[in-house]
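Novice: Sharing a structure, written as structure tokens. Questions coming.
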Amino acid sequence: MTDTPRLPEGYEISTDTARIDAERVHRWLSTDAYWALGRSREKQDRAIEGSLNFGVHDMLSGEQVAYARVITDRATFAWLCDVYVDPSVRGKGIGTALVAAVREELRPCGLKRIMLATHDAHGVYAKLGFRPLERPDHWMALVQE
């Protein structure tokens, strides 16, 4: 982790929830993200409302091209989730820069850990310092359907 990955020219990251295109985010996640397939719009809107949100926007069109959100107390713990990059801009480093921006935004909080779960993007997160749990047997989950 020497240099912080940067967005390609012409894109910007915002944490302003008012700039989040909630309809687009819902469509992305509920139809194309394995972890959120079928998520209702109402549930997605509540998730946005209760989270620290990050949007990547095309500076010319203003169109949102990526999204991530963090659930955190800003003191001890954070959960990074719903990281999504529109297929039309994948491969440009936008996802890596987005997660790096999340990491940098949270750095002043002095969090002990930032957690996430992924099925298929371990390499992206590893480049930014994330690693598998050393003791996964210490973690538990209450799953309610």
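We name chains A, B, ... following the order of the structure tokens; residues begin at 1 in each chain, and ligands are numbered from 1 as shown.
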Could you pull the residues within 12 Å of region 36-41 of chain A, counting only C-alpha atoms, minus those fewer than 4 positions along the same chain, as a PyMOL selection string?
Specialist: chain A and resi 22-32+45-48+81-84
Novice: How close does each residue of region 24-70 of chain A get to region 89-105 of chain A, giving the shortest atom pair and distance in Å to one decimal for every residue with an atom at most 9 Å away, counting only C-alpha atoms, sorted by chain and residue number, as a tab-separated table?
Specialist:
residue	atom	partner	partner_atom	distance
A:Phe54	CA	A:Val102	CA	7.6
A:Gly55	CA	A:Leu98	CA	8.2
A:Val56	CA	A:Leu98	CA	7.3
A:Val65	CA	A:Val89	CA	7.2
A:Ala66	CA	A:Gly95	CA	7.4
A:Tyr67	CA	A:Leu98	CA	8.0
A:Ala68	CA	A:Leu98	CA	7.6
A:Arg69	CA	A:Val102	CA	8.6
A:Val70	CA	A:Val102	CA	8.1
Novice: Out of region 67-140 of chain A, which residues get alpha helix (DSSP H) from DSSP, as a PyMOL selection string?
Specialist: chain A and resi 94-106+122-126
Novice: Take the residues from that selection and write them out as a compact mmCIF listing (two decimals), in the first residue's frame, keeping N, CA, C and O atoms.
Specialist:
# COMPACT_ATOMS: atom_id res chain seq x y z
N ILE A 94 -11.93 2.36 -11.02
CA ILE A 94 -12.89 3.14 -10.24
C ILE A 94 -13.23 2.44 -8.92
O ILE A 94 -13.28 3.08 -7.87
N GLY A 95 -13.43 1.13 -8.96
CA GLY A 95 -13.76 0.39 -7.73
C GLY A 95 -12.63 0.45 -6.72
O GLY A 95 -12.86 0.68 -5.53
N THR A 96 -11.42 0.27 -7.18
CA THR A 96 -10.26 0.32 -6.29
C THR A 96 -10.12 1.71 -5.68
O THR A 96 -9.89 1.86 -4.48
N ALA A 97 -10.27 2.75 -6.50
CA ALA A 97 -10.18 4.12 -5.99
C ALA A 97 -11.31 4.42 -5.02
O ALA A 97 -11.10 5.13 -4.02
N LEU A 98 -12.49 3.89 -5.28
CA LEU A 98 -13.63 4.10 -4.39
C LEU A 98 -13.37 3.49 -3.01
O LEU A 98 -13.55 4.15 -1.98
N VAL A 99 -12.91 2.26 -2.99
CA VAL A 99 -12.63 1.61 -1.70
C VAL A 99 -11.47 2.30 -0.98
O VAL A 99 -11.49 2.46 0.24
N ALA A 100 -10.48 2.77 -1.73
CA ALA A 100 -9.39 3.53 -1.12
C ALA A 100 -9.92 4.82 -0.49
O ALA A 100 -9.49 5.21 0.60
N ALA A 101 -10.86 5.47 -1.15
CA ALA A 101 -11.46 6.70 -0.61
C ALA A 101 -12.24 6.40 0.67
O ALA A 101 -12.19 7.19 1.62
N VAL A 102 -12.92 5.28 0.71
CA VAL A 102 -13.63 4.87 1.93
C VAL A 102 -12.61 4.70 3.05
O VAL A 102 -12.80 5.22 4.16
N ARG A 103 -11.54 3.98 2.77
CA ARG A 103 -10.49 3.75 3.77
C ARG A 103 -9.94 5.08 4.30
O ARG A 103 -9.80 5.27 5.51
N GLU A 104 -9.66 6.01 3.40
CA GLU A 104 -9.10 7.30 3.80
C GLU A 104 -10.11 8.15 4.57
O GLU A 104 -9.74 8.86 5.51
N GLU A 105 -11.37 8.10 4.18
CA GLU A 105 -12.41 8.84 4.90
C GLU A 105 -12.53 8.35 6.34
O GLU A 105 -12.77 9.14 7.26
N LEU A 106 -12.36 7.05 6.54
CA LEU A 106 -12.52 6.46 7.88
C LEU A 106 -11.24 6.51 8.72
O LEU A 106 -11.30 6.37 9.94
N HIS A 122 -11.75 -10.59 -3.87
CA HIS A 122 -10.69 -10.60 -2.86
C HIS A 122 -9.45 -9.83 -3.32
O HIS A 122 -8.83 -9.12 -2.54
N GLY A 123 -9.09 -9.97 -4.59
CA GLY A 123 -7.89 -9.30 -5.10
C GLY A 123 -7.98 -7.79 -5.04
O GLY A 123 -7.00 -7.12 -4.72
N VAL A 124 -9.15 -7.25 -5.33
CA VAL A 124 -9.35 -5.80 -5.27
C VAL A 124 -9.12 -5.31 -3.85
O VAL A 124 -8.38 -4.35 -3.61
N TYR A 125 -9.73 -5.99 -2.90
CA TYR A 125 -9.64 -5.54 -1.50
C TYR A 125 -8.24 -5.79 -0.93
O TYR A 125 -7.75 -4.99 -0.13
N ALA A 126 -7.59 -6.89 -1.33
CA ALA A 126 -6.25 -7.18 -0.83
C ALA A 126 -5.27 -6.08 -1.22
O ALA A 126 -4.38 -5.73 -0.43
Novice: So, counting only C-alpha atoms, which residue among A:Glu42, A:Asp21, A:Asp16, A:Asp73 is closest to Ile114 (chain A)?
Specialist: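 Smallest separation from Ile114 (chain A) among the options: A:Asp73.
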Novice: Report, in Å with one decimal, the straight-line distance from CA of Leu52 (chain A) to CA of Thr4 (chain A).
Specialist: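 About the pair CA of Leu52 (chain A) and CA of Thr4 (chain A): they are 20.4 Å apart.
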Novice: For Ala33 (chain A), which of A:Glu9, A:Asp120, A:Glu145, A:Glu134 is the closest residue, counting only C-alpha atoms?
Specialist: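 The shortest atom-to-atom distance to Ala33 (chain A) comes from A:Asp120.
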Novice: Residues at most 12 Å from Leu60 (chain A), counting only C-alpha atoms, excluding those fewer than 6 positions away in the same chain, as a ChimeraX atom specification?
Specialist: /A:9-12
Novice: Could those selected residues go to a file with N, CA, C and O atoms, as an mmCIF file, in the first residue's frame?
Specialist:
data_model
loop_
_atom_site.group_PDB
_atom_site.id
_atom_site.type_symbol
_atom_site.label_atom_id
_atom_site.label_comp_id
_atom_site.auth_asym_id
_atom_site.auth_seq_id
_atom_site.Cartn_x
_atom_site.Cartn_y
_atom_site.Cartn_z
ATOM 1 N N GLU A 9 -9.198 10.442 -14.581
ATOM 2 C CA GLU A 9 -9.596 11.823 -14.852
ATOM 3 C C GLU A 9 -11.044 11.851 -15.326
ATOM 4 O O GLU A 9 -11.488 10.994 -16.086
ATOM 5 N N GLY A 10 -11.782 12.853 -14.847
ATOM 6 C CA GLY A 10 -13.169 13.022 -15.264
ATOM 7 C C GLY A 10 -14.189 12.436 -14.311
ATOM 8 O O GLY A 10 -15.392 12.522 -14.549
ATOM 9 N N TYR A 11 -13.712 11.847 -13.202
ATOM 10 C CA TYR A 11 -14.618 11.273 -12.201
ATOM 11 C C TYR A 11 -14.334 11.903 -10.852
ATOM 12 O O TYR A 11 -13.209 12.323 -10.572
ATOM 13 N N GLU A 12 -15.348 11.942 -10.000
ATOM 14 C CA GLU A 12 -15.173 12.459 -8.650
ATOM 15 C C GLU A 12 -15.971 11.615 -7.669
ATOM 16 O O GLU A 12 -16.986 11.017 -8.035
#
Novice: Go ahead and compute the interatomic distance for CA of Ile13 (chain A) and CA of Asn53 (chain A), in Å to one decimal.
Specialist: 10.2 Å
